[in-house]
file my_file08.txt (compact mmCIF, N, CA and C atoms)
# COMPACT_ATOMS: atom_id res chain seq x y z
N MET A 1 12.31 4.51 -22.14
CA MET A 1 13.28 3.69 -21.43
C MET A 1 13.99 4.51 -20.35
N SER A 2 14.23 5.78 -20.63
CA SER A 2 14.95 6.61 -19.64
C SER A 2 14.10 6.82 -18.39
N GLN A 3 12.78 6.92 -18.54
CA GLN A 3 11.93 7.09 -17.36
C GLN A 3 11.98 5.86 -16.47
N ILE A 4 12.03 4.68 -17.06
CA ILE A 4 12.13 3.45 -16.28
C ILE A 4 13.45 3.41 -15.53
N LEU A 5 14.52 3.82 -16.18
CA LEU A 5 15.83 3.85 -15.53
C LEU A 5 15.85 4.85 -14.38
N ILE A 6 15.29 6.03 -14.61
CA ILE A 6 15.24 7.05 -13.54
C ILE A 6 14.39 6.55 -12.38
N ARG A 7 13.24 5.94 -12.69
CA ARG A 7 12.37 5.40 -11.64
C ARG A 7 13.10 4.33 -10.84
N PHE A 8 13.86 3.49 -11.53
CA PHE A 8 14.63 2.43 -10.87
C PHE A 8 15.69 3.04 -9.95
N LEU A 9 16.42 4.02 -10.44
CA LEU A 9 17.49 4.62 -9.63
C LEU A 9 16.95 5.43 -8.45
N VAL A 10 15.94 6.25 -8.70
CA VAL A 10 15.36 7.04 -7.62
C VAL A 10 14.67 6.14 -6.60
N GLY A 11 13.92 5.18 -7.09
CA GLY A 11 13.25 4.24 -6.18
C GLY A 11 14.24 3.46 -5.34
N GLY A 12 15.33 3.01 -5.97
CA GLY A 12 16.37 2.29 -5.23
C GLY A 12 17.04 3.15 -4.19
N ALA A 13 17.29 4.41 -4.53
CA ALA A 13 17.93 5.32 -3.56
C ALA A 13 17.00 5.59 -2.38
N VAL A 14 15.72 5.81 -2.66
CA VAL A 14 14.78 6.10 -1.58
C VAL A 14 14.58 4.86 -0.71
N VAL A 15 14.50 3.68 -1.32
CA VAL A 15 14.38 2.44 -0.54
C VAL A 15 15.60 2.26 0.34
N SER A 16 16.78 2.56 -0.18
CA SER A 16 18.01 2.43 0.61
C SER A 16 18.01 3.38 1.80
N VAL A 17 17.58 4.62 1.57
CA VAL A 17 17.52 5.59 2.68
C VAL A 17 16.54 5.12 3.75
N PHE A 18 15.36 4.66 3.33
CA PHE A 18 14.38 4.18 4.30
C PHE A 18 14.89 2.96 5.07
N SER A 19 15.61 2.07 4.38
CA SER A 19 16.12 0.89 5.09
C SER A 19 17.22 1.27 6.08
N VAL A 20 18.05 2.26 5.74
CA VAL A 20 19.08 2.72 6.68
C VAL A 20 18.43 3.36 7.90
N VAL A 21 17.44 4.20 7.67
CA VAL A 21 16.73 4.82 8.80
C VAL A 21 16.07 3.75 9.65
N GLY A 22 15.48 2.74 9.01
CA GLY A 22 14.86 1.65 9.76
C GLY A 22 15.86 0.85 10.57
N ASP A 23 17.06 0.63 10.02
CA ASP A 23 18.09 -0.10 10.76
C ASP A 23 18.66 0.71 11.91
N VAL A 24 18.81 2.01 11.69
CA VAL A 24 19.36 2.87 12.75
C VAL A 24 18.38 3.03 13.90
N LEU A 25 17.12 3.29 13.58
CA LEU A 25 16.13 3.56 14.63
C LEU A 25 15.54 2.29 15.23
N ARG A 26 15.45 1.24 14.44
CA ARG A 26 14.84 -0.03 14.87
C ARG A 26 13.53 0.18 15.62
N PRO A 27 12.58 0.83 14.98
CA PRO A 27 11.32 1.09 15.68
C PRO A 27 10.45 -0.15 15.72
N LYS A 28 10.30 -0.70 16.89
CA LYS A 28 9.47 -1.91 17.03
C LYS A 28 7.99 -1.60 16.80
N SER A 29 7.54 -0.44 17.19
CA SER A 29 6.13 -0.12 17.04
C SER A 29 5.79 0.36 15.62
N PHE A 30 6.79 0.71 14.83
CA PHE A 30 6.57 1.14 13.45
C PHE A 30 7.17 0.13 12.49
N ALA A 31 6.82 -1.14 12.64
CA ALA A 31 7.48 -2.22 11.92
C ALA A 31 7.48 -2.01 10.41
N GLY A 32 6.36 -1.64 9.82
CA GLY A 32 6.31 -1.51 8.38
C GLY A 32 6.50 -0.11 7.86
N LEU A 33 6.70 0.85 8.76
CA LEU A 33 6.80 2.24 8.35
C LEU A 33 7.99 2.50 7.45
N PHE A 34 9.11 1.84 7.73
CA PHE A 34 10.31 2.08 6.96
C PHE A 34 10.58 0.95 5.96
N ALA A 35 9.55 0.27 5.55
CA ALA A 35 9.70 -0.81 4.57
C ALA A 35 9.80 -0.22 3.16
N ALA A 36 9.92 -1.08 2.19
CA ALA A 36 10.12 -0.63 0.82
C ALA A 36 8.87 0.00 0.21
N ALA A 37 7.69 -0.46 0.58
CA ALA A 37 6.47 0.02 -0.07
C ALA A 37 6.25 1.53 0.06
N PRO A 38 6.39 2.12 1.25
CA PRO A 38 6.19 3.58 1.32
C PRO A 38 7.22 4.36 0.51
N SER A 39 8.45 3.87 0.49
CA SER A 39 9.47 4.60 -0.25
C SER A 39 9.26 4.49 -1.75
N VAL A 40 8.81 3.35 -2.22
CA VAL A 40 8.50 3.20 -3.65
C VAL A 40 7.31 4.07 -4.02
N ALA A 41 6.33 4.14 -3.14
CA ALA A 41 5.17 4.99 -3.39
C ALA A 41 5.58 6.47 -3.47
N LEU A 42 6.46 6.89 -2.56
CA LEU A 42 6.93 8.28 -2.60
C LEU A 42 7.73 8.56 -3.87
N ALA A 43 8.58 7.63 -4.26
CA ALA A 43 9.35 7.82 -5.49
C ALA A 43 8.42 7.87 -6.70
N THR A 44 7.42 7.02 -6.72
CA THR A 44 6.46 7.01 -7.83
C THR A 44 5.69 8.32 -7.90
N LEU A 45 5.25 8.81 -6.75
CA LEU A 45 4.52 10.08 -6.74
C LEU A 45 5.41 11.24 -7.15
N GLY A 46 6.65 11.23 -6.70
CA GLY A 46 7.58 12.30 -7.09
C GLY A 46 7.84 12.31 -8.58
N LEU A 47 8.09 11.15 -9.15
CA LEU A 47 8.32 11.09 -10.60
C LEU A 47 7.06 11.42 -11.39
N THR A 48 5.91 11.00 -10.89
CA THR A 48 4.66 11.33 -11.57
C THR A 48 4.41 12.82 -11.55
N ALA A 49 4.67 13.45 -10.42
CA ALA A 49 4.49 14.90 -10.33
C ALA A 49 5.44 15.62 -11.28
N ALA A 50 6.66 15.10 -11.41
CA ALA A 50 7.64 15.75 -12.29
C ALA A 50 7.30 15.55 -13.76
N THR A 51 6.77 14.39 -14.12
CA THR A 51 6.53 14.12 -15.55
C THR A 51 5.11 14.44 -16.00
N GLU A 52 4.11 14.15 -15.18
CA GLU A 52 2.71 14.30 -15.59
C GLU A 52 2.03 15.54 -15.03
N GLY A 53 2.58 16.10 -13.98
CA GLY A 53 1.97 17.27 -13.37
C GLY A 53 1.41 16.95 -11.99
N VAL A 54 1.18 18.00 -11.25
CA VAL A 54 0.75 17.85 -9.86
C VAL A 54 -0.68 17.33 -9.76
N SER A 55 -1.55 17.73 -10.65
CA SER A 55 -2.95 17.29 -10.55
C SER A 55 -3.06 15.79 -10.82
N TYR A 56 -2.29 15.28 -11.76
CA TYR A 56 -2.30 13.84 -12.03
C TYR A 56 -1.72 13.07 -10.84
N ALA A 57 -0.66 13.61 -10.24
CA ALA A 57 -0.07 12.98 -9.06
C ALA A 57 -1.04 12.98 -7.89
N ALA A 58 -1.86 14.02 -7.77
CA ALA A 58 -2.86 14.07 -6.71
C ALA A 58 -3.90 12.97 -6.88
N ILE A 59 -4.32 12.73 -8.11
CA ILE A 59 -5.27 11.64 -8.37
C ILE A 59 -4.64 10.30 -8.02
N GLU A 60 -3.37 10.13 -8.38
CA GLU A 60 -2.68 8.89 -8.06
C GLU A 60 -2.52 8.72 -6.54
N ALA A 61 -2.26 9.80 -5.84
CA ALA A 61 -2.13 9.74 -4.38
C ALA A 61 -3.47 9.36 -3.74
N HIS A 62 -4.56 9.91 -4.25
CA HIS A 62 -5.88 9.54 -3.74
C HIS A 62 -6.16 8.05 -3.97
N SER A 63 -5.75 7.54 -5.12
CA SER A 63 -5.93 6.12 -5.41
C SER A 63 -5.13 5.27 -4.43
N MET A 64 -3.92 5.69 -4.13
CA MET A 64 -3.08 4.96 -3.18
C MET A 64 -3.69 4.96 -1.78
N MET A 65 -4.25 6.10 -1.38
CA MET A 65 -4.88 6.16 -0.06
C MET A 65 -6.12 5.27 0.01
N GLY A 66 -6.90 5.25 -1.06
CA GLY A 66 -8.07 4.37 -1.10
C GLY A 66 -7.66 2.90 -1.02
N GLY A 67 -6.61 2.54 -1.73
CA GLY A 67 -6.09 1.18 -1.66
C GLY A 67 -5.59 0.82 -0.28
N ALA A 68 -4.97 1.79 0.40
CA ALA A 68 -4.48 1.54 1.76
C ALA A 68 -5.63 1.34 2.73
N VAL A 69 -6.69 2.11 2.59
CA VAL A 69 -7.87 1.94 3.45
C VAL A 69 -8.49 0.57 3.22
N ALA A 70 -8.61 0.18 1.94
CA ALA A 70 -9.17 -1.13 1.62
C ALA A 70 -8.30 -2.25 2.17
N PHE A 71 -6.98 -2.09 2.07
CA PHE A 71 -6.07 -3.11 2.59
C PHE A 71 -6.17 -3.20 4.11
N PHE A 72 -6.32 -2.06 4.78
CA PHE A 72 -6.45 -2.08 6.24
C PHE A 72 -7.68 -2.86 6.66
N ALA A 73 -8.80 -2.62 5.96
CA ALA A 73 -10.03 -3.36 6.28
C ALA A 73 -9.84 -4.85 6.01
N TYR A 74 -9.19 -5.19 4.91
CA TYR A 74 -8.92 -6.58 4.56
C TYR A 74 -8.03 -7.24 5.61
N ALA A 75 -6.94 -6.58 5.97
CA ALA A 75 -6.01 -7.16 6.95
C ALA A 75 -6.66 -7.31 8.32
N SER A 76 -7.47 -6.34 8.70
CA SER A 76 -8.17 -6.43 9.99
C SER A 76 -9.15 -7.60 10.00
N CYS A 77 -9.87 -7.76 8.91
CA CYS A 77 -10.83 -8.85 8.80
C CYS A 77 -10.12 -10.21 8.84
N VAL A 78 -9.05 -10.34 8.08
CA VAL A 78 -8.29 -11.60 8.06
C VAL A 78 -7.74 -11.90 9.45
N CYS A 79 -7.20 -10.91 10.10
CA CYS A 79 -6.64 -11.10 11.44
C CYS A 79 -7.73 -11.53 12.43
N TRP A 80 -8.88 -10.87 12.38
CA TRP A 80 -9.96 -11.20 13.30
C TRP A 80 -10.47 -12.62 13.06
N ILE A 81 -10.68 -12.98 11.80
CA ILE A 81 -11.18 -14.33 11.49
C ILE A 81 -10.18 -15.39 11.94
N MET A 82 -8.90 -15.17 11.67
CA MET A 82 -7.90 -16.17 12.05
C MET A 82 -7.79 -16.32 13.56
N MET A 83 -7.91 -15.22 14.28
CA MET A 83 -7.81 -15.31 15.74
C MET A 83 -9.09 -15.90 16.35
N ARG A 84 -10.22 -15.60 15.76
CA ARG A 84 -11.50 -16.04 16.32
C ARG A 84 -11.79 -17.50 16.01
N TYR A 85 -11.56 -17.91 14.76
CA TYR A 85 -11.98 -19.25 14.33
C TYR A 85 -10.82 -20.22 14.11
N LYS A 86 -9.59 -19.75 14.25
CA LYS A 86 -8.40 -20.61 14.12
C LYS A 86 -8.35 -21.35 12.78
N LEU A 87 -8.64 -20.64 11.69
CA LEU A 87 -8.59 -21.23 10.36
C LEU A 87 -7.19 -21.04 9.76
N LYS A 88 -6.93 -21.75 8.68
CA LYS A 88 -5.64 -21.64 8.01
C LYS A 88 -5.53 -20.30 7.28
N ALA A 89 -4.32 -19.76 7.25
CA ALA A 89 -4.09 -18.44 6.67
C ALA A 89 -4.42 -18.39 5.19
N LEU A 90 -4.04 -19.41 4.44
CA LEU A 90 -4.29 -19.40 3.00
C LEU A 90 -5.78 -19.34 2.70
N LEU A 91 -6.56 -20.12 3.40
CA LEU A 91 -8.01 -20.14 3.19
C LEU A 91 -8.63 -18.78 3.50
N VAL A 92 -8.25 -18.21 4.62
CA VAL A 92 -8.84 -16.93 5.04
C VAL A 92 -8.44 -15.81 4.09
N THR A 93 -7.18 -15.76 3.69
CA THR A 93 -6.74 -14.68 2.82
C THR A 93 -7.38 -14.77 1.44
N ILE A 94 -7.48 -15.96 0.89
CA ILE A 94 -8.10 -16.11 -0.43
C ILE A 94 -9.58 -15.77 -0.37
N CYS A 95 -10.25 -16.22 0.67
CA CYS A 95 -11.69 -15.95 0.79
C CYS A 95 -11.98 -14.48 1.09
N SER A 96 -11.01 -13.75 1.62
CA SER A 96 -11.23 -12.35 1.98
C SER A 96 -10.83 -11.37 0.88
N ILE A 97 -10.22 -11.84 -0.19
CA ILE A 97 -9.82 -10.95 -1.28
C ILE A 97 -11.02 -10.21 -1.88
N PRO A 98 -12.20 -10.85 -2.04
CA PRO A 98 -13.35 -10.07 -2.54
C PRO A 98 -13.70 -8.88 -1.64
N LEU A 99 -13.48 -9.01 -0.34
CA LEU A 99 -13.72 -7.89 0.56
C LEU A 99 -12.80 -6.71 0.21
N TRP A 100 -11.53 -7.00 0.02
CA TRP A 100 -10.55 -5.98 -0.34
C TRP A 100 -10.95 -5.30 -1.65
N LEU A 101 -11.25 -6.10 -2.66
CA LEU A 101 -11.62 -5.54 -3.95
C LEU A 101 -12.93 -4.75 -3.88
N GLY A 102 -13.88 -5.27 -3.11
CA GLY A 102 -15.15 -4.57 -2.97
C GLY A 102 -14.99 -3.20 -2.33
N ILE A 103 -14.20 -3.14 -1.28
CA ILE A 103 -13.97 -1.85 -0.61
C ILE A 103 -13.19 -0.91 -1.52
N ALA A 104 -12.17 -1.44 -2.21
CA ALA A 104 -11.37 -0.60 -3.10
C ALA A 104 -12.22 -0.01 -4.22
N PHE A 105 -13.06 -0.84 -4.85
CA PHE A 105 -13.90 -0.34 -5.94
C PHE A 105 -15.00 0.59 -5.43
N ALA A 106 -15.51 0.32 -4.24
CA ALA A 106 -16.52 1.21 -3.66
C ALA A 106 -15.90 2.58 -3.35
N LEU A 107 -14.70 2.58 -2.79
CA LEU A 107 -14.04 3.86 -2.53
C LEU A 107 -13.71 4.59 -3.83
N ARG A 108 -13.34 3.86 -4.85
CA ARG A 108 -13.07 4.49 -6.14
C ARG A 108 -14.34 5.13 -6.69
N TYR A 109 -15.42 4.41 -6.58
CA TYR A 109 -16.70 4.94 -7.10
C TYR A 109 -17.18 6.16 -6.32
N VAL A 110 -17.06 6.10 -4.99
CA VAL A 110 -17.56 7.19 -4.16
C VAL A 110 -16.59 8.36 -4.09
N TRP A 111 -15.31 8.07 -3.93
CA TRP A 111 -14.32 9.11 -3.62
C TRP A 111 -13.64 9.67 -4.86
N LEU A 112 -13.38 8.84 -5.85
CA LEU A 112 -12.59 9.29 -7.00
C LEU A 112 -13.40 9.51 -8.27
N LYS A 113 -14.68 9.59 -8.15
CA LYS A 113 -15.60 9.77 -9.28
C LYS A 113 -14.90 10.21 -10.52
call {"tool": "encode", "arguments": {"input": "my_file08.txt", "output": "structure tokens"}}
result
Amino acid sequence: MSQILIRFLVGGAVVSVFSVVGDVLRPKSFAGLFAAAPSVALATLGLTAATEGVSYAAIEAHSMMGGAVAFFAYASCVCWIMMRYKLKALLVTICSIPLWLGIAFALRYVWLK
């Protein structure tokens, strides 16, 4: 229970710092850079390194990078299809989820053996 509380407090503090930096700088070209997801990922990696060790945190970081690559391919595909064929967002996103999962599992198989 204490680890969950620490994760909650550290994650909340890091998210708050990132949101303040995002509000102060207002970077239009870095719209998602100061969002909650990167700060939660950093807090998770920091706590994992502290509790499980650096090697376990490195494996988790590699998994996160593989997921980010898969998401980038998914988002690019969804964006291209929606702009090219003018389809509804819900249809395109649901139909493209197998692409995301396929790339994520392929990267896991190839990269994280």
call {"tool": "closest_residue", "arguments": {"input": "my_file08.txt", "among": "A:Val78, A:Ala106, A:Ala43, A:Ala73", "to": "A:Thr93", "atoms": "only N, CA and C atoms"}}
result
A:Val78
call {"tool": "closest_residue", "arguments": {"input": "my_file08.txt", "among": "A:Ala70, A:Leu90, A:Cys79, A:Val15", "to": "A:Gly102", "atoms": "all atoms listed in the file"}}
result
A:Ala70
call {"tool": "atom_distance", "arguments": {"input": "my_file08.txt", "atom1": "atom N of A:Val40", "atom2": "atom CA of A:Leu101"}}
result
22.3 Å
call {"tool": "atom_distance", "arguments": {"input": "my_file08.txt", "atom1": "atom N of A:Leu9", "atom2": "atom CA of A:Thr48"}}
result
13.9 Å
call {"tool": "atom_distance", "arguments": {"input": "my_file08.txt", "atom1": "atom C of A:Ala61", "atom2": "atom CA of A:Ile103"}}
result
15.7 Å
call {"tool": "residues_around", "arguments": {"input": "my_file08.txt", "residues": "A:Ser76", "least_positions_apart": "4", "cutoff": "12 Å", "atoms": "only C-alpha atoms", "output": "PyMOL selection string"}}
result
chain A and resi 69-72+80-84+92-93+96+99-100
call {"tool": "select_by_dssp", "arguments": {"input": "my_file08.txt", "residues": "chain A", "states": "alpha helix (DSSP H)", "output": "VMD selection string"}}
result
chain A and resid 2 to 25 36 to 52 54 to 85 89 to 111
call {"tool": "closest_residue", "arguments": {"input": "my_file08.txt", "among": "A:Gln3, A:Ile97, A:Lys88, A:His62", "to": "A:Tyr74", "atoms": "all atoms listed in the file"}}
result
A:Ile97
call {"tool": "closest_residue", "arguments": {"input": "my_file08.txt", "among": "A:Leu42, A:Gly66, A:Leu107, A:Ala75", "to": "A:Val14", "atoms": "only N, CA and C atoms"}}
result
A:Leu42
